[in-house]
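> entry-v4.tsv is the file, holding TSV, C-alpha atoms:
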chain	number	residue	atom	x	y	z
V	97	ASN	CA	0.00	0.00	0.00
V	98	ALA	CA	1.80	3.10	-1.24
V	99	GLY	CA	-0.87	5.53	0.08
V	100	VAL	CA	-0.66	8.90	-1.69
V	101	THR	CA	2.24	9.48	-4.08
V	102	GLN	CA	3.25	12.64	-5.94
V	103	THR	CA	5.51	13.26	-8.90
V	104	PRO	CA	7.81	15.05	-9.32
V	105	LYS	CA	9.38	15.80	-5.92
V	106	PHE	CA	11.16	18.95	-7.08
V	107	ARG	CA	10.86	21.20	-10.13
V	108	VAL	CA	12.27	24.53	-11.25
V	109	LEU	CA	10.35	26.45	-13.93
V	110	LYS	CA	10.85	29.72	-15.72
V	111	THR	CA	8.06	32.26	-15.75
V	112	GLY	CA	5.53	31.37	-18.44
V	113	GLN	CA	6.38	27.67	-18.63
V	114	SER	CA	3.76	25.02	-18.00
V	115	MET	CA	3.80	21.79	-16.03
V	116	THR	CA	1.58	19.11	-14.56
V	117	LEU	CA	1.83	17.63	-11.09
V	118	LEU	CA	0.57	14.09	-10.70
V	119	CYS	CA	-1.07	12.65	-7.60
V	120	ALA	CA	-2.01	9.00	-7.24
V	121	GLN	CA	-3.73	7.15	-4.40
V	122	ASP	CA	-4.33	3.44	-3.96
V	123	MET	CA	-6.86	3.60	-1.12
V	124	ASN	CA	-9.98	3.82	-3.31
V	125	HIS	CA	-10.82	7.25	-1.86
V	126	GLU	CA	-13.52	9.30	-3.55
V	127	TYR	CA	-12.25	12.69	-2.38
V	128	MET	CA	-8.98	14.21	-3.48
V	129	TYR	CA	-7.44	17.62	-2.83
V	130	TRP	CA	-4.59	19.88	-3.90
V	131	TYR	CA	-3.11	22.28	-1.34
V	132	ARG	CA	-0.26	24.73	-1.39
V	133	GLN	CA	1.90	25.41	1.63
V	134	ASP	CA	3.58	28.78	2.05
V	135	PRO	CA	5.66	29.97	5.01
V	136	GLY	CA	3.52	31.24	7.88
V	137	MET	CA	0.25	30.49	6.07
V	138	GLY	CA	-0.48	26.85	6.72
V	139	LEU	CA	-2.11	24.91	3.90
V	140	ARG	CA	-4.56	26.49	1.48
V	141	LEU	CA	-6.91	24.50	-0.73
V	142	ILE	CA	-6.46	25.04	-4.47
V	143	HIS	CA	-8.93	22.58	-6.03
V	144	TYR	CA	-10.66	19.42	-4.95
V	145	SER	CA	-12.64	16.52	-6.38
V	146	VAL	CA	-15.53	14.59	-4.91
V	147	GLY	CA	-15.25	11.72	-7.39
V	148	GLU	CA	-14.04	10.59	-10.79
V	149	GLY	CA	-14.84	13.15	-13.45
V	150	THR	CA	-15.60	15.97	-10.99
V	151	THR	CA	-13.56	18.98	-9.89
V	152	ALA	CA	-14.30	22.12	-7.90
V	153	LYS	CA	-12.51	25.31	-6.87
V	154	GLY	CA	-11.05	25.76	-3.44
V	155	GLU	CA	-9.74	28.83	-1.67
V	156	VAL	CA	-6.95	29.83	-4.12
V	157	PRO	CA	-7.76	28.37	-7.59
V	158	ASP	CA	-6.50	31.16	-9.87
V	159	GLY	CA	-3.70	30.11	-12.22
V	160	TYR	CA	-4.32	26.38	-11.75
V	161	ASN	CA	-6.41	23.73	-13.49
V	162	VAL	CA	-7.14	20.16	-12.44
V	163	SER	CA	-8.48	16.94	-13.89
V	164	ARG	CA	-9.73	13.67	-12.38
V	165	LEU	CA	-10.10	11.30	-15.32
V	166	LYS	CA	-9.47	8.24	-13.18
V	167	LYS	CA	-10.54	7.74	-9.58
V	168	GLN	CA	-7.00	7.11	-8.39
V	169	ASN	CA	-5.37	10.10	-10.09
V	170	PHE	CA	-5.70	13.85	-9.62
V	171	LEU	CA	-3.63	16.15	-11.83
V	172	LEU	CA	-2.75	19.77	-11.10
V	173	GLY	CA	-1.72	21.93	-14.04
V	174	LEU	CA	-0.01	25.28	-14.27
V	175	GLU	CA	-0.53	26.68	-17.77
V	176	SER	CA	1.72	29.74	-17.42
V	177	ALA	CA	3.78	29.65	-14.25
V	178	ALA	CA	4.38	32.82	-12.22
V	179	PRO	CA	6.86	33.48	-9.37
V	180	SER	CA	3.87	33.76	-7.00
V	181	GLN	CA	3.28	30.04	-7.58
V	182	THR	CA	6.58	29.14	-5.95
V	183	SER	CA	5.42	26.89	-3.13
V	184	VAL	CA	5.24	23.35	-1.81
V	185	TYR	CA	2.24	21.49	-3.22
V	186	PHE	CA	0.53	18.69	-1.35
V	187	CYS	CA	-2.03	16.24	-2.59
V	188	ALA	CA	-4.40	14.57	-0.15
V	189	SER	CA	-7.27	12.11	-0.24
V	190	ASP	CA	-9.95	10.89	2.11
V	191	LEU	CA	-12.95	8.65	2.35
V	192	THR	CA	-15.54	10.90	3.96
V	193	GLY	CA	-15.12	14.33	2.42
V	194	GLY	CA	-13.49	16.15	5.32
V	195	TYR	CA	-15.17	14.49	8.28
V	196	ASN	CA	-12.15	12.43	9.22
V	197	GLU	CA	-8.49	11.89	8.45
V	198	GLN	CA	-6.99	13.14	5.21
V	199	PHE	CA	-3.96	11.27	3.86
V	200	PHE	CA	-1.20	13.40	2.41
V	201	GLY	CA	1.46	12.82	-0.20
V	202	PRO	CA	5.11	13.79	0.40
V	203	GLY	CA	4.83	17.08	-1.49
V	204	THR	CA	6.30	18.73	-4.59
V	205	ARG	CA	8.62	21.68	-4.13
V	206	LEU	CA	8.15	24.05	-7.08
V	207	THR	CA	10.29	27.11	-7.77
V	208	VAL	CA	9.32	29.57	-10.50
V	209	LEU	CA	12.10	31.91	-11.55
I	54	GLY	CA	-15.47	31.98	7.62
I	55	ASN	CA	-13.72	29.35	9.69
I	56	SER	CA	-10.26	30.02	11.08
I	57	VAL	CA	-7.57	28.44	13.26
I	58	THR	CA	-5.00	30.38	15.26
I	59	GLN	CA	-1.85	28.73	16.58
I	60	MET	CA	0.98	30.05	18.68
I	61	GLU	CA	3.93	31.15	16.60
I	62	GLY	CA	7.14	29.23	16.68
I	63	PRO	CA	9.69	28.04	16.73
I	64	VAL	CA	9.29	26.41	20.11
I	65	THR	CA	12.64	25.18	21.40
I	66	LEU	CA	12.71	22.71	24.29
I	67	SER	CA	15.18	20.41	25.95
I	68	GLU	CA	14.54	16.68	25.89
I	69	GLU	CA	12.04	15.55	28.57
I	70	ALA	CA	10.52	19.03	28.90
I	71	PHE	CA	6.74	19.59	28.97
I	72	LEU	CA	5.17	20.81	25.72
I	73	THR	CA	2.12	22.95	25.13
I	74	ILE	CA	1.16	24.34	21.73
I	75	ASN	CA	-1.90	26.58	21.88
I	76	CYS	CA	-4.67	26.40	19.30
I	77	THR	CA	-7.94	28.34	19.19
I	78	TYR	CA	-10.58	28.27	16.49
I	79	THR	CA	-13.58	30.05	15.03
I	80	ALA	CA	-16.17	27.95	13.24
I	81	THR	CA	-19.85	27.68	12.51
I	82	GLY	CA	-21.66	24.68	13.84
I	83	TYR	CA	-19.83	21.82	15.50
I	84	PRO	CA	-16.40	21.27	14.00
I	85	SER	CA	-14.16	18.25	14.32
I	86	LEU	CA	-10.67	19.16	15.49
I	87	PHE	CA	-7.33	17.68	14.47
I	88	TRP	CA	-3.61	17.91	15.07
I	89	TYR	CA	-1.40	16.99	12.13
I	90	VAL	CA	2.39	16.61	12.27
I	91	GLN	CA	4.87	17.20	9.46
I	92	TYR	CA	8.34	15.70	9.83
I	93	PRO	CA	11.16	17.20	7.74
I	94	GLY	CA	10.76	16.45	4.05
I	95	GLU	CA	7.46	14.64	4.48
I	96	GLY	CA	3.76	15.27	4.07
I	97	LEU	CA	1.35	15.84	6.92
I	98	GLN	CA	0.08	12.93	8.95
I	99	LEU	CA	-2.72	12.80	11.47
I	100	LEU	CA	-1.52	12.88	15.07
I	101	LEU	CA	-4.84	12.94	16.92
I	102	LYS	CA	-8.42	14.12	16.61
I	103	ALA	CA	-11.57	14.93	18.61
I	104	THR	CA	-15.05	15.13	17.19
I	105	LYS	CA	-17.17	16.60	19.99
I	106	ALA	CA	-16.91	18.80	23.05
I	107	ASP	CA	-14.87	17.41	25.98
I	108	ASP	CA	-13.43	14.61	23.83
I	109	LYS	CA	-9.73	14.00	24.40
I	110	GLY	CA	-7.62	12.85	21.48
I	111	SER	CA	-4.36	11.07	22.27
I	112	ASN	CA	-1.54	9.38	20.39
I	113	LYS	CA	2.20	8.77	20.94
I	114	GLY	CA	2.07	10.55	24.33
I	115	PHE	CA	0.42	13.67	22.87
I	116	GLU	CA	-2.99	14.79	24.09
I	117	ALA	CA	-5.51	17.51	23.25
I	118	THR	CA	-8.96	18.19	24.69
I	119	TYR	CA	-11.81	19.75	22.70
I	120	ARG	CA	-12.91	22.76	24.79
I	121	LYS	CA	-16.04	24.27	23.30
I	122	GLU	CA	-16.41	26.94	25.98
I	123	THR	CA	-12.97	28.39	25.20
I	124	THR	CA	-12.93	27.27	21.52
I	125	SER	CA	-9.53	25.70	22.09
I	126	PHE	CA	-7.67	22.47	21.29
I	127	HIS	CA	-4.24	22.83	22.89
I	128	LEU	CA	-1.64	20.13	22.22
I	129	GLU	CA	0.34	18.78	25.19
I	130	LYS	CA	3.03	16.21	25.85
I	131	GLY	CA	4.55	15.50	29.20
I	132	SER	CA	8.08	14.64	28.07
I	133	VAL	CA	9.28	15.48	24.57
I	134	GLN	CA	11.98	13.61	22.67
I	135	VAL	CA	14.36	14.73	19.95
I	136	SER	CA	12.31	12.65	17.52
I	137	ASP	CA	9.30	14.91	18.19
I	138	SER	CA	11.02	17.75	16.32
I	139	ALA	CA	8.57	18.64	13.54
I	140	VAL	CA	5.95	21.17	12.49
I	141	TYR	CA	2.56	20.78	14.15
I	142	PHE	CA	-0.66	21.96	12.51
I	143	CYS	CA	-3.98	22.44	14.23
I	144	ALA	CA	-6.97	22.02	11.90
I	145	LEU	CA	-10.72	21.94	11.96
I	146	SER	CA	-13.31	20.33	9.74
I	147	ALA	CA	-16.60	22.18	9.43
I	148	LEU	CA	-19.10	23.40	6.90
I	149	ASP	CA	-17.78	26.36	4.91
I	150	THR	CA	-19.64	27.83	1.92
I	151	GLY	CA	-21.83	24.80	1.68
I	152	ARG	CA	-19.26	22.00	1.85
I	153	ARG	CA	-17.20	20.23	4.45
I	154	ALA	CA	-13.69	21.75	4.45
I	155	LEU	CA	-10.47	21.37	6.39
I	156	THR	CA	-9.03	24.65	7.66
I	157	PHE	CA	-5.44	24.68	8.89
I	158	GLY	CA	-3.55	26.90	11.27
I	159	SER	CA	-0.21	28.33	10.17
I	160	GLY	CA	1.82	25.62	11.92
I	161	THR	CA	4.20	25.65	14.89
I	162	ARG	CA	7.75	24.38	14.52
I	163	LEU	CA	9.04	22.39	17.50
I	164	GLN	CA	12.76	21.89	18.01
I	165	VAL	CA	13.84	19.50	20.76
I	166	GLN	CA	17.48	19.63	21.83
I	167	PRO	CA	19.27	16.68	23.45
Here is a file; write its structure as structure tokens.


Amino acid sequence: NAGVTQTPKFRVLKTGQSMTLLCAQDMNHEYMYWYRQDPGMGLRLIHYSVGEGTTAKGEVPDGYNVSRLKKQNFLLGLESAAPSQTSVYFCASDLTGGYNEQFFGPGTRLTVL
Amino acid sequence: GNSVTQMEGPVTLSEEAFLTINCTYTATGYPSLFWYVQYPGEGLQLLLKATKADDKGSNKGFEATYRKETTSFHLEKGSVQVSDSAVYFCALSALDTGRRALTFGSGTRLQVQP
């Protein structure tokens, strides 16, 4: 049981470049989430999904897009990266939609120059 | 909206010292409360939780009691170890703009010296 995995672990982009972060979970969870973690600000929700084929905006969705084509995968895309998107990105999943424990991946550290 | 306030860090303690990390919250309805821990280079993992008033969550020697009257969920441990060095996040789960959402505090870094 790998839990929640994320690729890549680190990435450096130039302003305007695009990339996709991949999250995969093997726990058959319906709910999946993308957060960003910035110093002194805790975790903020970017987008989330309540099941395969669904996505919804979180607290800070601007500049990001997501897709959930398969239940086990949740992709986060940056179409035109900006320095303000330099952050650590965490994917999480859970069974009950926020009532109980969320399971987190190890994170992706992204730097936009 | 919902919010969580934690004491700022870093908190630096000697091994075997007593730990308290304060956490207070604002939420509508009846939130569930959590403490997550993040070890260096890793994602967050659940440390303990409480789902109703006066519940005490406990795990690995850590404890926190859900105090509705003071809207608090302070984390305590009687004797910390070097291996407890990590960032601790207080969080709540409650309805926010029509859906169940997890709201995190800003995190408190704990450094335990031998």

> Pull out every residue of chain I sitting within 7 Å of chain V, counting all atoms listed in the file, and send them as an MDAnalysis selection string.

chainID I and resid 95:99 146 153:155 157:160

> Grab the CA of Thr73 in chain I to CA of Ala147 in chain I distance for me, in Å with one decimal place.

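Computed distance, CA of Thr73 in chain I to CA of Ala147 in chain I, equals 24.4 Å.
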
> Which protein, DNA or RNA residues are at most 8 Å from (14.6, 18.7, 23.8) in the file's coordinates when you count all atoms listed in the file, listed as a list of chain:residue names?

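Protein, DNA and RNA residues close to (14.6, 18.7, 23.8): I:Thr65, I:Leu66, I:Ser67, I:Glu68, I:Glu69, I:Ala70, I:Val133, I:Gln134, I:Val135, I:Gln164, I:Val165, I:Gln166, I:Pro167.
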
> Please dump the current selection as a PDB file, keeping the file's coordinate frame; keep C-alpha atoms.


ATOM      1  CA  THR I  65      12.640  25.180  21.400  1.00  0.00           C
ATOM      2  CA  LEU I  66      12.710  22.710  24.290  1.00  0.00           C
ATOM      3  CA  SER I  67      15.180  20.410  25.950  1.00  0.00           C
ATOM      4  CA  GLU I  68      14.540  16.680  25.890  1.00  0.00           C
ATOM      5  CA  GLU I  69      12.040  15.550  28.570  1.00  0.00           C
ATOM      6  CA  ALA I  70      10.520  19.030  28.900  1.00  0.00           C
ATOM      7  CA  VAL I 133       9.280  15.480  24.570  1.00  0.00           C
ATOM      8  CA  GLN I 134      11.980  13.610  22.670  1.00  0.00           C
ATOM      9  CA  VAL I 135      14.360  14.730  19.950  1.00  0.00           C
ATOM     10  CA  GLN I 164      12.760  21.890  18.010  1.00  0.00           C
ATOM     11  CA  VAL I 165      13.840  19.500  20.760  1.00  0.00           C
ATOM     12  CA  GLN I 166      17.480  19.630  21.830  1.00  0.00           C
ATOM     13  CA  PRO I 167      19.270  16.680  23.450  1.00  0.00           C
TER      14      PRO I 167
END

> Which residues are close to Tyr83 in chain I, i.e. within 12 Å by only C-alpha atoms, leaving aside same-chain residues fewer than 4 positions away? Reply as a PDB file with C-alpha atoms, in the coordinates of the input.


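Wrote selection28.pdb, looks like this:
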ATOM      1  CA  TYR V 195     -15.170  14.490   8.280  1.00  0.00           C
TER       2      TYR V 195
ATOM      3  CA  ASN I  55     -13.720  29.350   9.690  1.00  0.00           C
ATOM      4  CA  TYR I  78     -10.580  28.270  16.490  1.00  0.00           C
ATOM      5  CA  THR I  79     -13.580  30.050  15.030  1.00  0.00           C
ATOM      6  CA  ALA I 103     -11.570  14.930  18.610  1.00  0.00           C
ATOM      7  CA  THR I 104     -15.050  15.130  17.190  1.00  0.00           C
ATOM      8  CA  LYS I 105     -17.170  16.600  19.990  1.00  0.00           C
ATOM      9  CA  ALA I 106     -16.910  18.800  23.050  1.00  0.00           C
ATOM     10  CA  TYR I 119     -11.810  19.750  22.700  1.00  0.00           C
ATOM     11  CA  ARG I 120     -12.910  22.760  24.790  1.00  0.00           C
ATOM     12  CA  LYS I 121     -16.040  24.270  23.300  1.00  0.00           C
ATOM     13  CA  THR I 124     -12.930  27.270  21.520  1.00  0.00           C
ATOM     14  CA  LEU I 145     -10.720  21.940  11.960  1.00  0.00           C
ATOM     15  CA  SER I 146     -13.310  20.330   9.740  1.00  0.00           C
ATOM     16  CA  ALA I 147     -16.600  22.180   9.430  1.00  0.00           C
ATOM     17  CA  LEU I 148     -19.100  23.400   6.900  1.00  0.00           C
ATOM     18  CA  ASP I 149     -17.780  26.360   4.910  1.00  0.00           C
ATOM     19  CA  ARG I 153     -17.200  20.230   4.450  1.00  0.00           C
TER      20      ARG I 153
END

> Have a look at V:Val184, V:Asp190, V:Asn161, V:Met115 and name the one nearest to Gly94 in chain I; count only C-alpha atoms.

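Closest to Gly94 in chain I, using only C-alpha atoms: V:Val184.
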
> To one decimal place in Å, what is the distance between CA of Lys153 in chain V and CA of Val108 in chain V?

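CA of Val108 in chain V lies 25.2 Å from CA of Lys153 in chain V.
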
> To one decimal place in Å, what is the distance between CA of Tyr131 in chain V and CA of Lys105 in chain V?

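Value for the CA of Tyr131 in chain V-CA of Lys105 in chain V distance: 14.8 Å.
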
> Edge lengths and centre in Å to one decimal, as AutoDock Vina command-line options, of the axis-aligned box that encloses all listed atoms of range 110-128 of chain I with 5 Å added on every side?


--center_x -7.1 --center_y 18.6 --center_z 23.2 --size_x 28.6 --size_y 29.6 --size_z 15.6

> Set the distance at 12 Å and use only C-alpha atoms: which residues neighbour Thr161 in chain I once local chain neighbours fewer than 2 positions away are removed? I'd like the list as a ChimeraX atom specification.

/V:135-138 /I:58-65,72-76,88-92,127-128,138-143,157-159,163-164

> Could those residues be written to a file, using C-alpha atoms, as an mmCIF file, in the coordinates of the input?


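See out.cif below for the written result:
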data_model
loop_
_atom_site.group_PDB
_atom_site.id
_atom_site.type_symbol
_atom_site.label_atom_id
_atom_site.label_comp_id
_atom_site.auth_asym_id
_atom_site.auth_seq_id
_atom_site.Cartn_x
_atom_site.Cartn_y
_atom_site.Cartn_z
ATOM 1 C CA PRO V 135 5.660 29.970 5.010
ATOM 2 C CA GLY V 136 3.520 31.240 7.880
ATOM 3 C CA MET V 137 0.250 30.490 6.070
ATOM 4 C CA GLY V 138 -0.480 26.850 6.720
ATOM 5 C CA THR I 58 -5.000 30.380 15.260
ATOM 6 C CA GLN I 59 -1.850 28.730 16.580
ATOM 7 C CA MET I 60 0.980 30.050 18.680
ATOM 8 C CA GLU I 61 3.930 31.150 16.600
ATOM 9 C CA GLY I 62 7.140 29.230 16.680
ATOM 10 C CA PRO I 63 9.690 28.040 16.730
ATOM 11 C CA VAL I 64 9.290 26.410 20.110
ATOM 12 C CA THR I 65 12.640 25.180 21.400
ATOM 13 C CA LEU I 72 5.170 20.810 25.720
ATOM 14 C CA THR I 73 2.120 22.950 25.130
ATOM 15 C CA ILE I 74 1.160 24.340 21.730
ATOM 16 C CA ASN I 75 -1.900 26.580 21.880
ATOM 17 C CA CYS I 76 -4.670 26.400 19.300
ATOM 18 C CA TRP I 88 -3.610 17.910 15.070
ATOM 19 C CA TYR I 89 -1.400 16.990 12.130
ATOM 20 C CA VAL I 90 2.390 16.610 12.270
ATOM 21 C CA GLN I 91 4.870 17.200 9.460
ATOM 22 C CA TYR I 92 8.340 15.700 9.830
ATOM 23 C CA HIS I 127 -4.240 22.830 22.890
ATOM 24 C CA LEU I 128 -1.640 20.130 22.220
ATOM 25 C CA SER I 138 11.020 17.750 16.320
ATOM 26 C CA ALA I 139 8.570 18.640 13.540
ATOM 27 C CA VAL I 140 5.950 21.170 12.490
ATOM 28 C CA TYR I 141 2.560 20.780 14.150
ATOM 29 C CA PHE I 142 -0.660 21.960 12.510
ATOM 30 C CA CYS I 143 -3.980 22.440 14.230
ATOM 31 C CA PHE I 157 -5.440 24.680 8.890
ATOM 32 C CA GLY I 158 -3.550 26.900 11.270
ATOM 33 C CA SER I 159 -0.210 28.330 10.170
ATOM 34 C CA LEU I 163 9.040 22.390 17.500
ATOM 35 C CA GLN I 164 12.760 21.890 18.010
#
